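Read the structure below first, then the notes.
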Amino acid sequence: MLKLVWLVPVLPLVGVLVNGIFGHWIKNRAHILGVGTTGLSFLVALGVFLQAAGGQSLNWDIYSWVAVGPFHATVGFQVDPLSAVMMLVVTFVGFVIHVYSVGYMHGDRGYARFFTYMNLFMTSMLILVLANNYLLMFLGWEGVGLCSYLLIGFWYEKQSASDAGKKAFVVNRIGDAGFLLGLFLIWENFGSLHYADVFSQVESLRPVLERPSVLGLSLVTWITLLLFAGAVGKSAQLPLYVWLPDAMEGPTPVSALIHAATMVTAGVYMVARSSALFSLAPQSMSVVATIGAVTAVFAATIALVQTDIKRVIAYSTISQLGYMFLGCGVGAYASAIFHLATHAFFKALLFLGAGSVIHGLQGEQDVRKMGGLATYMPVTAATFLIGSLANAGVFFLAGFWSKDQILHAAIASGHTWLWGLGAAGAFCTAFYMFRLFFLTFTGPTRMDPHVAHHVHESPRVMAVPLMILACFAVVAGLFGYSVEHSPYYSFVNPVFQVSAHGAESHGPSELAMALVSTAIAGAGILVAYHMYRRNPDLPERLARQFAGLYRLLLNKYWVDELYNAVFIDFGKRLCGRLWGFDASVVDGAVNGSSRLTVWLSQVSARFDFHGVDGAVNAIADLIQGGSDAFKRLQTGLIQNYMLAMALGIFVIVSLFFFL
Amino acid sequence: MVPLSHYLILSAILFSLGVFGALTRRNAVAILMSIELMLNAVNVSFVAFARYLPQTQLQGQVFAIFVIAIAAAEMAVALAIVLGLYRNFKTVNVDEINLMKW
Amino acid sequence: MDIKLAIFYILAAFTVWAAGVVVLGKNIVRAAVALIFSFCGVAGLYVLLEAEFLAAVQVLIYVGGITILLLFAIMLTSRIGAGTTRVINDQVVLSALVGAGLLFGLGYAVLRGIPALTGPPHLPETSPFLGRALLTTYALPFEVVSVLLLAGMVGAIVLARKE
């Protein structure tokens, strides 16, 4: 039964091929295969998961993919608790979002193309999480990157959309370069890229790995830092997060699936999978935790003042990803994955809800033009509220359990400042989520009149997924209520037995932490309520009072502008120089050589014309002239002949005399 | 006594004159006359040798007789040819007749 | 000076002058007559060389036969009115050179190679001697020459007859 796992990534692939090749003729019926294959894939995944939950596991090399000299890689799948959880989350959330897309993308010109790309994404993501070796994971990694590019730039005729797609791909590439270098180092030292081979050799190769290398860092530190570089790019951490806000140019289901629930979490999965390597490199873990924590706060602060509904949720995603890396960095891998799962539910819910709003307002995304939508879209409003509560980390809902466990692990690791950053981020999260909720759904409406005329609740095909996700956003957290005993943890913990569990022992008790977290969240909600419900003009006054700070946050710390000036402009100037060099020197050389050839051919032609033909003509003229001369001998006059004879005799006689 | 060389030089002079005339004169008959001159010159040298060299049979003179006979025969035929030339070309000037070429 | 030498010079000069007229004379008849004179001069030289028979034969055949023949030919081939045409053709210079060269060559050969011979004081009677020689030693050439003369006669008749 477990061996049916191969169906999970392959079923969406069928959808890709059919919709991709025949999309022109399928048109509006593309969702039949698009959603159908995803649903079937989910069912198979559920079956596999239940088998895995029953204690079975699988490491199956299906066929040999690369065999070049000593380098071998296979197409193989691994079913263990970690990959089973990931697979289930991906297929379930993916299926729900596919159903939602039927309504959201209804009537779009690229309907079939959309489902093709979405199914391709599902295939790539499932290959990524189910792979049993780094190379196949990298294949899936690149595949989801490609789909991200395709789907962000889905409405490619819009300049900003295609630019955003390019930006995402290029920034990802920077991270992928580091990832590849890490893979090279792994293969060079371990001789294989299969998880089983690598992780089993970690202990035996410990002396090699811990030997100091470049810049004094050990080899394993370099490997893990390079792998983490790939995660920084893919999962939008500092400093490679800049593509995620721009990725909101894509359709909202894309944002929900790829940039909230699944693709951006691939980095977290990769770090968690490589926990055995990270455990040998405490310096890397510190880096991971620090970047995660700083990103969490950084993104949260930006989200405080943004006005585009999707941007706020995007920065929230970056922030929550930071929490996941914080969890990995302090050794709480299982908690990070748990937060990944719960985050998938409520973040997808929030995005889909935003999509519902945008759909109902016919494309409006600016919250300053919304307000009071709860009366028109009750289902959307209710589910969005649930999602916001979950995101804020309010007790009992999904986000609370996982985020709290991460914060507890942070403080238990001894680095209190990490906890501090996390707590600050939690406060900001609660604040900006409810700011968003209040501005969008409550209070007086600020809609354009003709938009207000048509505002409506979403159709059932869009509303039902919202409700399903809302349910899970409420109850999913209960699966991991306790780090030791709960179903989730007892299932997943054995995978991370290498990582230190001792982080749990010291530090404040879990109960105390839970209370503190709830207090922080509640404080955030209250401040938001105060600012946006009680005193609606308070935000403006604060913005004027702290104008500089406000502008700094509103302009996202000018990071994009900084990158533009330092890298992009430099790159463009370099390209210009190189192009100039190419045009003048290289093309000049080519043109020069062609001119030389033309000149040489002209010389040759002249030589041929004058020289060769001249020689031929000269010979002819010579013969003609000679003939002309000789023919004078035959005059026909006898006396001439007699004279010739006499001359001859005379000559002979003289010769006789003088010889 | 007249030295032999005198006769021979005289013969040479006559012969050269004859050559000159044969090469230069335009009239065909004149050319034939020059040829007679040449033959005469040769005869003179023959006879001179016959007189001055010890010969048993006077070969020189015998030869001179033969030369005279042949000269006569030749002259007859040659003049017949000249008459034929005159009839065909209406001229006896040899440099107006240039058929002897390809 | 020997009387013979003087006679020789006179005869030689006469012959040479006549030959000159033959070669360079404008009037062809005058040239023919000069030819007669040259023949006569040569005959005189024969007499000086004690070849009396030959001198007679010379006069008889040359003067009496050949020059008459020449005159007949001149008469038959002359054009009335063609008086002012050139006598000498275009290759004069070269022919003069050739002639002069020939003369010098022969003269040089003579003066180099011929000793000053005197020869026997008296020759035998030439006529009977020649007759005997012709009919005994030189009988074949004699007969051949007669055939030649016959052939010449026939040929001349054939060539010269009017068609």
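Ordering of the structure tokens sets the chain letters (A, B, ...), residue numbers begin anew at 1 in every chain, and ligands are numbered from 1 in the order given.
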**Message:** List as a list in words the protein and nucleic acid residues near Leu139 of chain A, meaning an atom at most 12 Å away when only C-alpha atoms are counted, but skip any in the same chain fewer than 2 places from it.
**Reply:** Trp65, Ala73, Thr74, Val75, Phe121, Thr123, Ser124, Met125, Leu126, Ile127, Leu128, Val129, Leu130, Ala131, Asn132, Asn133, Tyr134, Leu135, Leu136, Met137, Trp141, Glu142, Gly143, Val144, Gly145, Leu146, Asp176, Phe179 and Leu180 of chain A
Could you pull the residues within 6 Å of segment 374-377 of chain A, counting only C-alpha atoms, minus those fewer than 5 positions along the same chain, as a short mmCIF file (atom, residue, chain, number, x, y, z; two decimals) with N, CA, C and O atoms, in the first residue's frame?
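Below you can see around00.cif, which holds the result:
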data_model
loop_
_atom_site.label_atom_id
_atom_site.label_comp_id
_atom_site.auth_asym_id
_atom_site.auth_seq_id
_atom_site.Cartn_x
_atom_site.Cartn_y
_atom_site.Cartn_z
N PHE A 441 -13.44 44.90 7.28
CA PHE A 441 -14.78 44.35 7.45
C PHE A 441 -15.68 45.17 8.36
O PHE A 441 -16.90 44.97 8.35
N HIS A 456 -20.72 41.54 -3.44
CA HIS A 456 -21.51 40.34 -3.13
C HIS A 456 -20.63 39.32 -2.46
O HIS A 456 -19.39 39.38 -2.56
N GLU A 457 -21.27 38.36 -1.80
CA GLU A 457 -20.52 37.26 -1.21
C GLU A 457 -20.04 36.34 -2.32
O GLU A 457 -20.63 36.28 -3.40
#
**Asked** Leaving out Gly524 of chain A and any residue of its chain fewer than 6 positions from it, which residues lie within 8 Å of it when counting only C-alpha atoms, given as a VMD selection string?
**Response** chain A and resid 427 to 431
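If you count only C-alpha atoms and ignore residues fewer than 2 places along the chain from Arg87 of chain B, what sits within 12 Å of it is Ala80, Ile81, Val82, Leu83, Gly84, Leu85, Phe89, Lys90, Thr91 and Val92 of chain B; Leu76, Thr77, Ser78, Arg79, Leu159, Ala160, Arg161, Lys162 and Glu163 of chain C.
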Quick one: contact table of chain B to chain A, 6 Å max, nearest atom pair and distance in Å to one decimal per residue, counting only C-alpha atoms, chain and number order, as JSON lines?
{"residue": "B:Leu23", "atom": "CA", "partner": "A:Gln639", "partner_atom": "CA", "distance": 5.5}
{"residue": "B:Asp95", "atom": "CA", "partner": "A:Leu637", "partner_atom": "CA", "distance": 5.7}
{"residue": "B:Asn98", "atom": "CA", "partner": "A:Gly636", "partner_atom": "CA", "distance": 3.9}
{"residue": "B:Leu99", "atom": "CA", "partner": "A:Gly636", "partner_atom": "CA", "distance": 5.3}
{"residue": "B:Met100", "atom": "CA", "partner": "A:Gly636", "partner_atom": "CA", "distance": 4.3}
{"residue": "B:Lys101", "atom": "CA", "partner": "A:Gly636", "partner_atom": "CA", "distance": 4.7}
Restricted to N, CA and C atoms, what would the selected residues look like written as a PDB file, in the first residue's frame?
ATOM      1  N   LEU B  23      69.760  38.382-107.688  1.00  0.00           N
ATOM      2  CA  LEU B  23      68.936  38.737-106.520  1.00  0.00           C
ATOM      3  C   LEU B  23      68.255  40.080-106.681  1.00  0.00           C
ATOM      4  N   ASP B  95      58.815  40.462-109.100  1.00  0.00           N
ATOM      5  CA  ASP B  95      58.293  40.885-107.804  1.00  0.00           C
ATOM      6  C   ASP B  95      56.820  41.273-107.882  1.00  0.00           C
ATOM      7  N   ASN B  98      53.642  36.709-106.765  1.00  0.00           N
ATOM      8  CA  ASN B  98      53.952  36.127-105.450  1.00  0.00           C
ATOM      9  C   ASN B  98      53.025  34.948-105.132  1.00  0.00           C
ATOM     10  N   LEU B  99      52.932  34.073-106.077  1.00  0.00           N
ATOM     11  CA  LEU B  99      52.074  32.913-105.824  1.00  0.00           C
ATOM     12  C   LEU B  99      52.777  31.817-105.061  1.00  0.00           C
ATOM     13  N   MET B 100      54.072  31.905-104.967  1.00  0.00           N
ATOM     14  CA  MET B 100      54.770  30.801-104.317  1.00  0.00           C
ATOM     15  C   MET B 100      54.753  30.953-102.800  1.00  0.00           C
ATOM     16  N   LYS B 101      53.531  30.952-102.298  1.00  0.00           N
ATOM     17  CA  LYS B 101      53.401  30.929-100.845  1.00  0.00           C
ATOM     18  C   LYS B 101      52.112  30.198-100.513  1.00  0.00           C
TER      19      LYS B 101
END
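Using only C-alpha atoms, the shortest contact distance between chain A and any of C:Leu54, C:Val154, C:Ala12, C:Val92 is found at C:Val92.
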**Proximal residues of chain C relative to chain A (only C-alpha atoms; 8 Å) as a ChimeraX atom specification** = /C:91,94-95,98,101-102,105
**Prompt:** From the list A:Val18, A:Ile525, A:Leu542, A:Leu225, which residue is nearest Phe115 of chain A when using only C-alpha atoms?
**Reply:**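 Closest to Phe115 of chain A, using only C-alpha atoms: A:Val18.
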Go through chain B and flag each residue having an atom no more than 7 Å from chain C; for those, report the closest pair of atoms plus their distance in Å to one decimal, using only C-alpha atoms, ordered by chain and rising number, as a tab-separated table.
residue	atom	partner	partner_atom	distance
B:Met1	CA	C:Lys4	CA	6.4
B:Val2	CA	C:Leu5	CA	5.4
B:Pro3	CA	C:Ala116	CA	6.0
B:Leu4	CA	C:Leu117	CA	6.3
B:Ser5	CA	C:Val110	CA	6.3
B:Leu8	CA	C:Val110	CA	6.9
B:Ile9	CA	C:Gly107	CA	6.0
B:Leu10	CA	C:Ala12	CA	6.9
B:Ala12	CA	C:Leu103	CA	5.9
B:Ile13	CA	C:Leu103	CA	6.2
B:Leu14	CA	C:Val16	CA	6.6
B:Ser16	CA	C:Gly99	CA	5.0
B:Leu17	CA	C:Gly99	CA	6.9
B:Val19	CA	C:Gly99	CA	6.2
B:Phe20	CA	C:Gly99	CA	5.5
B:Gly21	CA	C:Val23	CA	4.8
B:Leu23	CA	C:Ser95	CA	6.0
B:Thr24	CA	C:Ile88	CA	5.5
B:Arg25	CA	C:Ile88	CA	5.1
B:Arg26	CA	C:Val87	CA	5.8
B:Val29	CA	C:Ile74	CA	6.9
B:Ala30	CA	C:Ile28	CA	7.0
B:Ser34	CA	C:Val23	CA	6.6
B:Ala48	CA	C:Leu49	CA	6.6
B:Arg51	CA	C:Leu49	CA	6.3
B:Tyr52	CA	C:Gly119	CA	4.1
B:Leu53	CA	C:Gly119	CA	5.7
B:Pro54	CA	C:Gly119	CA	6.5
B:Gln57	CA	C:Ala133	CA	6.8
B:Val62	CA	C:Leu130	CA	6.7
B:Ala72	CA	C:Ile66	CA	6.3
B:Ala73	CA	C:Gly152	CA	5.2
B:Glu74	CA	C:Gly152	CA	6.9
B:Ala76	CA	C:Ala156	CA	5.9
B:Val77	CA	C:Ala156	CA	4.6
B:Leu79	CA	C:Ala73	CA	6.5
B:Ala80	CA	C:Ala160	CA	4.8
B:Ile81	CA	C:Leu159	CA	6.3
B:Leu83	CA	C:Ala160	CA	6.3
B:Gly84	CA	C:Ala160	CA	6.3
B:Tyr86	CA	C:Thr77	CA	6.2
B:Val92	CA	C:Thr77	CA	6.8
**Request:** Could you please write out, as a ChimeraX atom specification, every residue of segment 152-363 of chain A that DSSP assigns to strand (DSSP E or B)?
**Result:** /A:194,212,218,308
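Taking atom CA of Lys167 of chain A and atom CA of Lys234 of chain A as endpoints, the distance between them is 12.4 Å.
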**Request:** Please give the complete set of residues from segment 320-404 of chain A that DSSP, run on the backbone, assigns to alpha helix (DSSP H), formatted as a PyMOL selection string.
**Result:** chain A and resi 320-329+333-360+378-392+398-404
**Request:** Would you please work out which residue, of C:Cys40, C:Val33, C:Ser127, C:Leu11, is nearest to Glu52 of chain C when using only C-alpha atoms?
**Result:**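 For Glu52 of chain C, the nearest of the given residues is C:Ser127.
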**Message:** If we count only C-alpha atoms and set the cut-off at 7 Å, which residues sit around segment 351-365 of chain A, ignoring sequence neighbours fewer than 6 positions away in its own chain? Please answer as a ChimeraX atom specification.
**Reply:** /A:252-253,255-256,308-310,380,384,451,455-458,466
**Prompt:** Quick one: residues within 8 Å of Gly387 of chain A, only C-alpha atoms counted, chain neighbours fewer than 6 positions away excluded, as an MDAnalysis selection string?
**Reply:** chainID A and resid 346:347 349:350 470 473
**Item:** Surrounding residues of Leu17 of chain A excluding itself and chain neighbours under 6 positions, 10 Å, only C-alpha atoms, as an MDAnalysis selection string
**Value:** chainID A and resid 23 116 119:120
**Prompt:** For the atom pair atom CA of Met447 of chain A and atom CA of Trp243 of chain A, what is the interatomic distance in Å to one decimal place?
**Reply:** 29.5 Å
**Message:** Can you measure atom CA of Ala55 of chain C to atom CA of Leu135 of chain C for me? One decimal in Å is fine.
**Reply:** 19.9 Å
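Of the listed residues B:Ile65, B:Ala71, B:Ile97, B:Leu58, the one whose atoms come nearest to Leu32 of chain B is B:Ala71, with distances taken using only C-alpha atoms.
Shortest separation to Gly230 of chain A among A:Phe609, A:Trp155, A:Phe184, A:Phe138 occurs at residue A:Phe138, atoms counted being only C-alpha atoms.
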